[in-house]
Amino acid sequence: MQLSFTDEEIAFRAEVRAWVAESLPTDLAAKVHGALRLSREDLQRWARILGAKGWLGWGWPKEFGGPGWNAVQRHLFEEECALAGAPRVVPFGPVMVAPVIMAFGTPEQQRRFLPGIASGEVWWSQGYSEPGSGSDLASLKTRAERVGDRYIVNGQKTWTTLAQHGDWIFCLVRTSLEGKPQTGISFLLIDMKSPGVTVRPILTLDGEHEVNEVWFDDVEVPADQLVGQENQGWTCAKYLLAHERTNIADVNRAKRELERLKRIARAEGLWEDTRFRDQIALLEVDIVALEMMVLRVLSAERGGKKSLDVAGLLKIRGSEIQQRYTELMMLAGGPYSLPFLFEAMEAGWQGDAALGGVWPGGDAHAHCIPLTSTYLNYRKTTIYGGSNEVQRNIVAQTLLG
């Protein structure tokens with residue numbers, strides 16, 4: 001196992017770092033480092049910059065217009081973007097549906113859909129979860145009935161991230177009730193401007209409009225937007241979920257947020273508190289251990305070996321680490337992290353407006369403004385993507401049989 005980077009990989013990192021430093025807009029980086037709200041245009045602006053460079057599909061092979069990077073190069077690219085403060089690429093297009101279209105789509109589907117994803121012009125959403133079908137995704141009930149040269153889709157998806165911005169949505173739909181639940185599922189690409197598609201906001205605990213319900217009421221979908229074979233969509237779904245194994249750990253963002261935690265602790269006078277520094281040190285040890293696990297997977301892939309099947313462990317540890325650093329930031333901010341004004345996530349300062357004019361925060365504690373919002377939002381991390389309780393069962397079954 002080789003956990004150190006080669007000279008070529010170090011040179012590659014330097015190339016990426018220099019390009020990101022030159023190309024990343026400073027106002028976007030400031031928003032990311034300050035954990036302020038990113039608009040659709042913020043996210044699309046960075047996606048288009050990457051698309052113009054040919055790097056939005058950084059995991060794509062060359063034959064589909066990607067750079068053809070190996071697993072280590074992809075990891076280094078993601079790390080440099082995260083540490084520089086680049087907005088996180090919305091993954092549903094370039095990371096999720098694109099590899100499925102490459103693997104299972106027809107040549108016509110590849111020519112039709114991949115260019116818009118690669119350029120950053122087309123926003124994709126993911127239609128997987130339903131009420132009662134989250135971790136048990138195979139129990140989904142949204143139906144698609146074949147009528148002539150099209151499917152008629154009826155049902156509901158939920159927790160659909162940023163669907164209010166979506167141009168297209170890829171959906172798992174039930175096309176048969178026979179056999180095991182997994183055998184009657186198909187993978188459809190649906191234009192969200194189609195008549196009968198309704199997006200309804202779900203406001204989360206932090207007051208943000210991040211997730212949605214998506215309703216389908218007799219939505220007509222051309223049959224040529226079926227990816228793969230009818231009733232074989234579960235194969236596509238498994239491929240999609242397994243395609244980016246190390247990304248679920250989000251270790252690169254954890255490293256960036258660790259540095260932000262240290263900045264807040266210094267600014268709020270807690271850096272000299274040995275007990276608090278102990279907590280930061282324990283968090284840093286766990287982040288390094290998580291990174292080592294990721295590097296083990298990358299080392300196996302670099303050596304041409306089968307990747308380690310540790311996706312469940314990466315998800316468990318990564319999500320728990322995310323919650324811990326948001327908790328420590330809240331503790332560091334103390335009373336200055338408590339006031340929460342929804343509008344402050346846009347303005348970046350709430351000053352004397354908070355608490356009826358009696359809050360003494362002002363500019364000196366502006367870094368504390370987003371802490372409550374982020375803390376509340378990150379309660380989700382141990383639930384989405386298969387709850388950690390379910391992941392522990394999977395890990396136990398894998399290891400113990």
# chains A, B, ... in the order shown; residues from 1 in each chain; ligands from 1

call {"tool": "residues_around", "arguments": {"residues": "Gly334 (chain A)", "least_positions_apart": "6", "cutoff": "12 Å", "atoms": "only C-alpha atoms", "output": "PyMOL selection string"}}
result
chain A and resi 264-265+267-270+327-328+361+365+367-369+371-372

call {"tool": "write_last_selection", "arguments": {"atoms": "N, CA and C atoms", "output": "compact mmCIF listing (two decimals), in the first residue's frame"}}
result
# COMPACT_ATOMS: atom_id res chain seq x y z
N ILE A 264 -11.93 30.56 14.00
CA ILE A 264 -12.97 31.04 14.91
C ILE A 264 -12.50 30.93 16.36
N ALA A 265 -11.85 29.81 16.70
CA ALA A 265 -11.37 29.63 18.07
C ALA A 265 -10.35 30.71 18.44
N ALA A 267 -10.11 33.76 17.03
CA ALA A 267 -10.78 35.05 17.07
C ALA A 267 -11.63 35.22 18.32
N GLU A 268 -12.19 34.13 18.84
CA GLU A 268 -13.07 34.20 20.00
C GLU A 268 -12.33 33.96 21.32
N GLY A 269 -10.99 33.85 21.25
CA GLY A 269 -10.19 33.75 22.47
C GLY A 269 -10.17 32.38 23.12
N LEU A 270 -10.52 31.34 22.35
CA LEU A 270 -10.54 29.98 22.91
C LEU A 270 -9.31 29.16 22.55
N GLU A 327 -20.63 21.54 15.67
CA GLU A 327 -20.87 21.69 17.10
C GLU A 327 -19.75 22.49 17.77
N LEU A 328 -18.50 22.19 17.42
CA LEU A 328 -17.37 22.90 18.02
C LEU A 328 -17.36 24.36 17.60
N GLY A 361 -22.77 42.03 18.74
CA GLY A 361 -21.86 41.32 17.85
C GLY A 361 -21.09 42.22 16.91
N HIS A 365 -17.48 39.93 15.34
CA HIS A 365 -17.90 38.54 15.44
C HIS A 365 -18.69 38.10 14.21
N HIS A 367 -17.86 36.36 11.79
CA HIS A 367 -17.62 34.96 11.42
C HIS A 367 -18.58 34.01 12.14
N CYS A 368 -19.27 34.50 13.16
CA CYS A 368 -20.20 33.65 13.92
C CYS A 368 -21.60 33.63 13.31
N ILE A 369 -21.87 34.52 12.36
CA ILE A 369 -23.24 34.67 11.86
C ILE A 369 -23.81 33.38 11.28
N LEU A 371 -23.11 30.29 11.92
CA LEU A 371 -22.86 29.07 12.69
C LEU A 371 -24.16 28.34 13.06
N THR A 372 -25.17 29.07 13.48
CA THR A 372 -26.43 28.42 13.86
C THR A 372 -27.07 27.74 12.66

call {"tool": "residues_around", "arguments": {"residues": "region 381-389 of chain A", "least_positions_apart": "3", "cutoff": "10 Å", "atoms": "only C-alpha atoms", "output": "ChimeraX atom specification"}}
result
/A:129,134-137,159,241,248,312-313,315-323,377-378,392-394

call {"tool": "write_last_selection", "arguments": {"atoms": "N, CA and C atoms", "output": "PDB file, in the first residue's frame"}}
result
ATOM      1  N   SER A 129     -35.634   9.289  -3.483  1.00  0.00           N
ATOM      2  CA  SER A 129     -36.392   9.086  -2.251  1.00  0.00           C
ATOM      3  C   SER A 129     -37.871   9.436  -2.425  1.00  0.00           C
ATOM      4  N   GLY A 134     -36.852   5.629   1.667  1.00  0.00           N
ATOM      5  CA  GLY A 134     -35.588   6.344   1.771  1.00  0.00           C
ATOM      6  C   GLY A 134     -34.450   5.354   1.765  1.00  0.00           C
ATOM      7  N   SER A 135     -34.087   4.874   2.958  1.00  0.00           N
ATOM      8  CA  SER A 135     -33.060   3.836   3.034  1.00  0.00           C
ATOM      9  C   SER A 135     -33.539   2.559   2.348  1.00  0.00           C
ATOM     10  N   ASP A 136     -34.840   2.281   2.405  1.00  0.00           N
ATOM     11  CA  ASP A 136     -35.427   1.136   1.710  1.00  0.00           C
ATOM     12  C   ASP A 136     -35.931   1.602   0.350  1.00  0.00           C
ATOM     13  N   LEU A 137     -35.003   1.966  -0.524  1.00  0.00           N
ATOM     14  CA  LEU A 137     -35.363   2.607  -1.781  1.00  0.00           C
ATOM     15  C   LEU A 137     -36.151   1.691  -2.706  1.00  0.00           C
ATOM     16  N   TRP A 159     -37.509  15.117  -0.562  1.00  0.00           N
ATOM     17  CA  TRP A 159     -36.131  15.474  -0.191  1.00  0.00           C
ATOM     18  C   TRP A 159     -35.280  15.702  -1.441  1.00  0.00           C
ATOM     19  N   LEU A 241     -24.775   4.773  -7.318  1.00  0.00           N
ATOM     20  CA  LEU A 241     -24.416   4.930  -5.912  1.00  0.00           C
ATOM     21  C   LEU A 241     -22.990   4.474  -5.632  1.00  0.00           C
ATOM     22  N   ILE A 248     -18.237  10.364  -0.757  1.00  0.00           N
ATOM     23  CA  ILE A 248     -19.241  10.442   0.300  1.00  0.00           C
ATOM     24  C   ILE A 248     -18.629  10.810   1.650  1.00  0.00           C
ATOM     25  N   GLY A 312     -19.705   2.307   3.330  1.00  0.00           N
ATOM     26  CA  GLY A 312     -20.507   2.501   4.539  1.00  0.00           C
ATOM     27  C   GLY A 312     -19.710   3.139   5.659  1.00  0.00           C
ATOM     28  N   LEU A 313     -18.470   2.677   5.859  1.00  0.00           N
ATOM     29  CA  LEU A 313     -17.622   3.253   6.901  1.00  0.00           C
ATOM     30  C   LEU A 313     -17.293   4.707   6.595  1.00  0.00           C
ATOM     31  N   LYS A 315     -19.095   6.819   4.929  1.00  0.00           N
ATOM     32  CA  LYS A 315     -20.282   7.631   5.146  1.00  0.00           C
ATOM     33  C   LYS A 315     -20.505   7.867   6.639  1.00  0.00           C
ATOM     34  N   ILE A 316     -20.357   6.823   7.449  1.00  0.00           N
ATOM     35  CA  ILE A 316     -20.575   6.952   8.893  1.00  0.00           C
ATOM     36  C   ILE A 316     -19.591   7.950   9.493  1.00  0.00           C
ATOM     37  N   ARG A 317     -18.299   7.730   9.243  1.00  0.00           N
ATOM     38  CA  ARG A 317     -17.296   8.587   9.870  1.00  0.00           C
ATOM     39  C   ARG A 317     -17.343  10.000   9.304  1.00  0.00           C
ATOM     40  N   GLY A 318     -17.536  10.117   7.979  1.00  0.00           N
ATOM     41  CA  GLY A 318     -17.570  11.440   7.382  1.00  0.00           C
ATOM     42  C   GLY A 318     -18.715  12.287   7.908  1.00  0.00           C
ATOM     43  N   SER A 319     -19.901  11.707   8.024  1.00  0.00           N
ATOM     44  CA  SER A 319     -21.065  12.470   8.489  1.00  0.00           C
ATOM     45  C   SER A 319     -20.936  12.834   9.965  1.00  0.00           C
ATOM     46  N   GLU A 320     -20.393  11.934  10.765  1.00  0.00           N
ATOM     47  CA  GLU A 320     -20.206  12.248  12.184  1.00  0.00           C
ATOM     48  C   GLU A 320     -19.182  13.360  12.371  1.00  0.00           C
ATOM     49  N   ILE A 321     -18.143  13.359  11.565  1.00  0.00           N
ATOM     50  CA  ILE A 321     -17.139  14.427  11.636  1.00  0.00           C
ATOM     51  C   ILE A 321     -17.756  15.760  11.246  1.00  0.00           C
ATOM     52  N   GLN A 322     -18.612  15.780  10.226  1.00  0.00           N
ATOM     53  CA  GLN A 322     -19.269  17.021   9.836  1.00  0.00           C
ATOM     54  C   GLN A 322     -20.088  17.593  10.987  1.00  0.00           C
ATOM     55  N   GLN A 323     -20.807  16.748  11.677  1.00  0.00           N
ATOM     56  CA  GLN A 323     -21.599  17.234  12.804  1.00  0.00           C
ATOM     57  C   GLN A 323     -20.709  17.734  13.937  1.00  0.00           C
ATOM     58  N   ASN A 377     -28.507  22.765   9.893  1.00  0.00           N
ATOM     59  CA  ASN A 377     -28.570  22.061   8.611  1.00  0.00           C
ATOM     60  C   ASN A 377     -27.861  20.714   8.668  1.00  0.00           C
ATOM     61  N   TYR A 378     -26.760  20.642   9.392  1.00  0.00           N
ATOM     62  CA  TYR A 378     -25.946  19.422   9.391  1.00  0.00           C
ATOM     63  C   TYR A 378     -26.499  18.324  10.293  1.00  0.00           C
ATOM     64  N   ARG A 392     -24.514   0.929   9.496  1.00  0.00           N
ATOM     65  CA  ARG A 392     -23.841   0.035  10.458  1.00  0.00           C
ATOM     66  C   ARG A 392     -24.304  -1.413  10.272  1.00  0.00           C
ATOM     67  N   ASN A 393     -25.568  -1.602   9.981  1.00  0.00           N
ATOM     68  CA  ASN A 393     -26.051  -2.959   9.688  1.00  0.00           C
ATOM     69  C   ASN A 393     -25.354  -3.529   8.458  1.00  0.00           C
ATOM     70  N   ILE A 394     -25.212  -2.698   7.419  1.00  0.00           N
ATOM     71  CA  ILE A 394     -24.558  -3.162   6.193  1.00  0.00           C
ATOM     72  C   ILE A 394     -23.102  -3.524   6.462  1.00  0.00           C
TER      73      ILE A 394
END

call {"tool": "atom_distance", "arguments": {"atom1": "CA of Asp224 (chain A)", "atom2": "CA of Thr106 (chain A)"}}
result
9.1 Å

call {"tool": "select_by_dssp", "arguments": {"residues": "region 166-320 of chain A", "states": "alpha helix (DSSP H)", "output": "PyMOL selection string"}}
result
chain A and resi 233-243+251-267+274-302+311-320

call {"tool": "closest_residue", "arguments": {"among": "A:Tyr151, A:Trp124, A:Lys262, A:Ser39", "to": "Asp278 (chain A)", "atoms": "only C-alpha atoms"}}
result
A:Lys262

call {"tool": "atom_distance", "arguments": {"atom1": "CA of Gly233 (chain A)", "atom2": "CA of Ile185 (chain A)"}}
result
5.1 Å

call {"tool": "closest_atom_pairs", "arguments": {"of": "region 133-187 of chain A", "to": "region 108-119 of chain A", "cutoff": "12 Å", "atoms": "only C-alpha atoms", "output": "Markdown table"}}
result
| residue | atom | partner | partner_atom | distance |
| --- | --- | --- | --- | --- |
| A:Asp167 | CA | A:Gly116 | CA | 10.7 |
| A:Trp168 | CA | A:Phe113 | CA | 10.0 |
| A:Ile169 | CA | A:Phe113 | CA | 11.8 |
| A:Phe170 | CA | A:Phe113 | CA | 11.6 |

call {"tool": "write_last_selection", "arguments": {"atoms": "C-alpha atoms", "output": "PDB file, in the first residue's frame"}}
result
ATOM      1  CA  ASP A 167     -33.958  21.615 -15.682  1.00  0.00           C
ATOM      2  CA  TRP A 168     -34.038  17.792 -15.798  1.00  0.00           C
ATOM      3  CA  ILE A 169     -34.494  15.061 -13.216  1.00  0.00           C
ATOM      4  CA  PHE A 170     -33.429  11.423 -13.343  1.00  0.00           C
TER       5      PHE A 170
END

call {"tool": "closest_residue", "arguments": {"among": "A:Thr374, A:Gln391, A:Gln279, A:Thr274", "to": "Glu208 (chain A)", "atoms": "only C-alpha atoms"}}
result
A:Thr374

call {"tool": "residues_around", "arguments": {"residues": "region 88-99 of chain A", "least_positions_apart": "6", "cutoff": "9 Å", "atoms": "only C-alpha atoms", "output": "ChimeraX atom specification"}}
result
/A:32,43-44,46-47,56-60,81-82,110,113-114,117-118,120,122-126,169-170,239-241,243-244,253

call {"tool": "residues_around", "arguments": {"residues": "Ser139 (chain A)", "least_positions_apart": "3", "cutoff": "12 Å", "atoms": "only C-alpha atoms", "output": "compact mmCIF listing (two decimals) with N, CA, C and O atoms, in the first residue's frame"}}
result
# COMPACT_ATOMS: atom_id res chain seq x y z
N TYR A 128 -35.02 10.07 -6.36
CA TYR A 128 -34.90 8.74 -5.75
C TYR A 128 -35.88 8.58 -4.59
O TYR A 128 -36.83 7.85 -4.66
N SER A 129 -35.63 9.29 -3.48
CA SER A 129 -36.39 9.09 -2.25
C SER A 129 -37.87 9.44 -2.43
O SER A 129 -38.23 10.35 -3.18
N GLU A 130 -38.70 8.70 -1.70
CA GLU A 130 -40.13 8.96 -1.64
C GLU A 130 -40.58 8.85 -0.19
O GLU A 130 -39.84 8.29 0.64
N PRO A 131 -41.77 9.34 0.15
CA PRO A 131 -42.30 9.10 1.50
C PRO A 131 -42.38 7.60 1.76
O PRO A 131 -43.03 6.87 1.02
N GLY A 132 -41.67 7.12 2.76
CA GLY A 132 -41.65 5.70 3.06
C GLY A 132 -40.61 4.91 2.30
O GLY A 132 -40.47 3.72 2.50
N SER A 133 -39.89 5.56 1.39
CA SER A 133 -38.86 4.88 0.60
C SER A 133 -37.60 5.73 0.58
O SER A 133 -37.34 6.49 -0.36
N GLY A 134 -36.85 5.63 1.67
CA GLY A 134 -35.59 6.34 1.77
C GLY A 134 -34.45 5.35 1.77
O GLY A 134 -33.92 4.98 0.72
N SER A 135 -34.09 4.87 2.96
CA SER A 135 -33.06 3.84 3.03
C SER A 135 -33.54 2.56 2.35
O SER A 135 -32.75 1.83 1.75
N ASP A 136 -34.84 2.28 2.41
CA ASP A 136 -35.43 1.14 1.71
C ASP A 136 -35.93 1.60 0.35
O ASP A 136 -37.14 1.65 0.08
N THR A 142 -43.68 5.40 -7.14
CA THR A 142 -43.96 6.21 -8.32
C THR A 142 -44.04 5.31 -9.54
O THR A 142 -43.13 4.54 -9.84
N ARG A 143 -45.18 5.38 -10.26
CA ARG A 143 -45.45 4.47 -11.36
C ARG A 143 -45.18 5.13 -12.72
O ARG A 143 -45.41 6.32 -12.89
N LEU A 172 -36.05 7.07 -10.52
CA LEU A 172 -36.38 5.66 -10.44
C LEU A 172 -37.89 5.55 -10.36
O LEU A 172 -38.51 6.19 -9.49
N VAL A 173 -38.47 4.76 -11.25
CA VAL A 173 -39.93 4.61 -11.31
C VAL A 173 -40.27 3.13 -11.39
O VAL A 173 -39.47 2.31 -11.85
N ARG A 174 -41.45 2.80 -10.92
CA ARG A 174 -41.88 1.40 -10.95
C ARG A 174 -42.65 1.14 -12.26
O ARG A 174 -43.64 1.79 -12.54
N LEU A 177 -45.01 -4.70 -11.20
CA LEU A 177 -45.29 -5.12 -9.84
C LEU A 177 -44.97 -6.60 -9.63
O LEU A 177 -45.23 -7.15 -8.56
N LYS A 180 -39.49 -9.62 -7.33
CA LYS A 180 -38.92 -8.84 -6.24
C LYS A 180 -39.06 -7.35 -6.55
O LYS A 180 -39.09 -6.95 -7.71
N PRO A 181 -39.13 -6.52 -5.50
CA PRO A 181 -39.31 -5.08 -5.74
C PRO A 181 -38.24 -4.49 -6.66
O PRO A 181 -38.55 -3.62 -7.48
N GLN A 182 -36.99 -4.95 -6.53
CA GLN A 182 -35.92 -4.38 -7.33
C GLN A 182 -36.08 -4.66 -8.83
O GLN A 182 -35.53 -3.92 -9.66
N THR A 183 -36.80 -5.73 -9.17
CA THR A 183 -36.85 -6.14 -10.57
C THR A 183 -37.87 -5.36 -11.39
O THR A 183 -37.89 -5.48 -12.61
N GLY A 184 -38.69 -4.55 -10.76
CA GLY A 184 -39.71 -3.80 -11.50
C GLY A 184 -39.45 -2.32 -11.58
O GLY A 184 -40.37 -1.53 -11.77
N ILE A 185 -38.18 -1.91 -11.44
CA ILE A 185 -37.83 -0.49 -11.41
C ILE A 185 -37.10 -0.11 -12.69
O ILE A 185 -36.27 -0.87 -13.20
N TRP A 234 -32.72 -0.86 -11.42
CA TRP A 234 -31.98 -1.06 -10.17
C TRP A 234 -30.49 -1.25 -10.44
O TRP A 234 -29.65 -0.85 -9.63

call {"tool": "closest_residue", "arguments": {"among": "A:Gln232, A:Glu121, A:Gly54, A:Gly207", "to": "Glu41 (chain A)", "atoms": "only C-alpha atoms"}}
result
A:Glu121

call {"tool": "residues_around", "arguments": {"residues": "Leu162 (chain A)", "least_positions_apart": "2", "cutoff": "7 Å", "atoms": "only C-alpha atoms", "output": "PyMOL selection string"}}
result
chain A and resi 160+164-166+210-211

call {"tool": "write_last_selection", "arguments": {"atoms": "N, CA and C atoms", "output": "PDB file, in the first residue's frame"}}
result
ATOM      1  N   THR A 160     -35.900  16.196  -2.499  1.00  0.00           N
ATOM      2  CA  THR A 160     -35.185  16.390  -3.758  1.00  0.00           C
ATOM      3  C   THR A 160     -34.371  17.683  -3.665  1.00  0.00           C
ATOM      4  N   GLN A 164     -35.828  23.079  -7.101  1.00  0.00           N
ATOM      5  CA  GLN A 164     -36.408  24.340  -7.579  1.00  0.00           C
ATOM      6  C   GLN A 164     -35.567  24.953  -8.700  1.00  0.00           C
ATOM      7  N   HIS A 165     -34.320  24.504  -8.823  1.00  0.00           N
ATOM      8  CA  HIS A 165     -33.446  25.003  -9.882  1.00  0.00           C
ATOM      9  C   HIS A 165     -33.358  24.042 -11.067  1.00  0.00           C
ATOM     10  N   GLY A 166     -33.958  22.864 -10.962  1.00  0.00           N
ATOM     11  CA  GLY A 166     -33.701  21.792 -11.904  1.00  0.00           C
ATOM     12  C   GLY A 166     -34.273  22.031 -13.293  1.00  0.00           C
ATOM     13  N   GLU A 210     -33.770  24.149   0.720  1.00  0.00           N
ATOM     14  CA  GLU A 210     -32.756  23.285   0.109  1.00  0.00           C
ATOM     15  C   GLU A 210     -33.374  22.053  -0.535  1.00  0.00           C
ATOM     16  N   VAL A 211     -34.453  21.555   0.034  1.00  0.00           N
ATOM     17  CA  VAL A 211     -35.059  20.325  -0.467  1.00  0.00           C
ATOM     18  C   VAL A 211     -36.524  20.576  -0.839  1.00  0.00           C
TER      19      VAL A 211
END

call {"tool": "closest_residue", "arguments": {"among": "A:Arg17, A:Lys62, A:Arg256, A:Lys380", "to": "Leu205 (chain A)", "atoms": "only C-alpha atoms"}}
result
A:Lys380
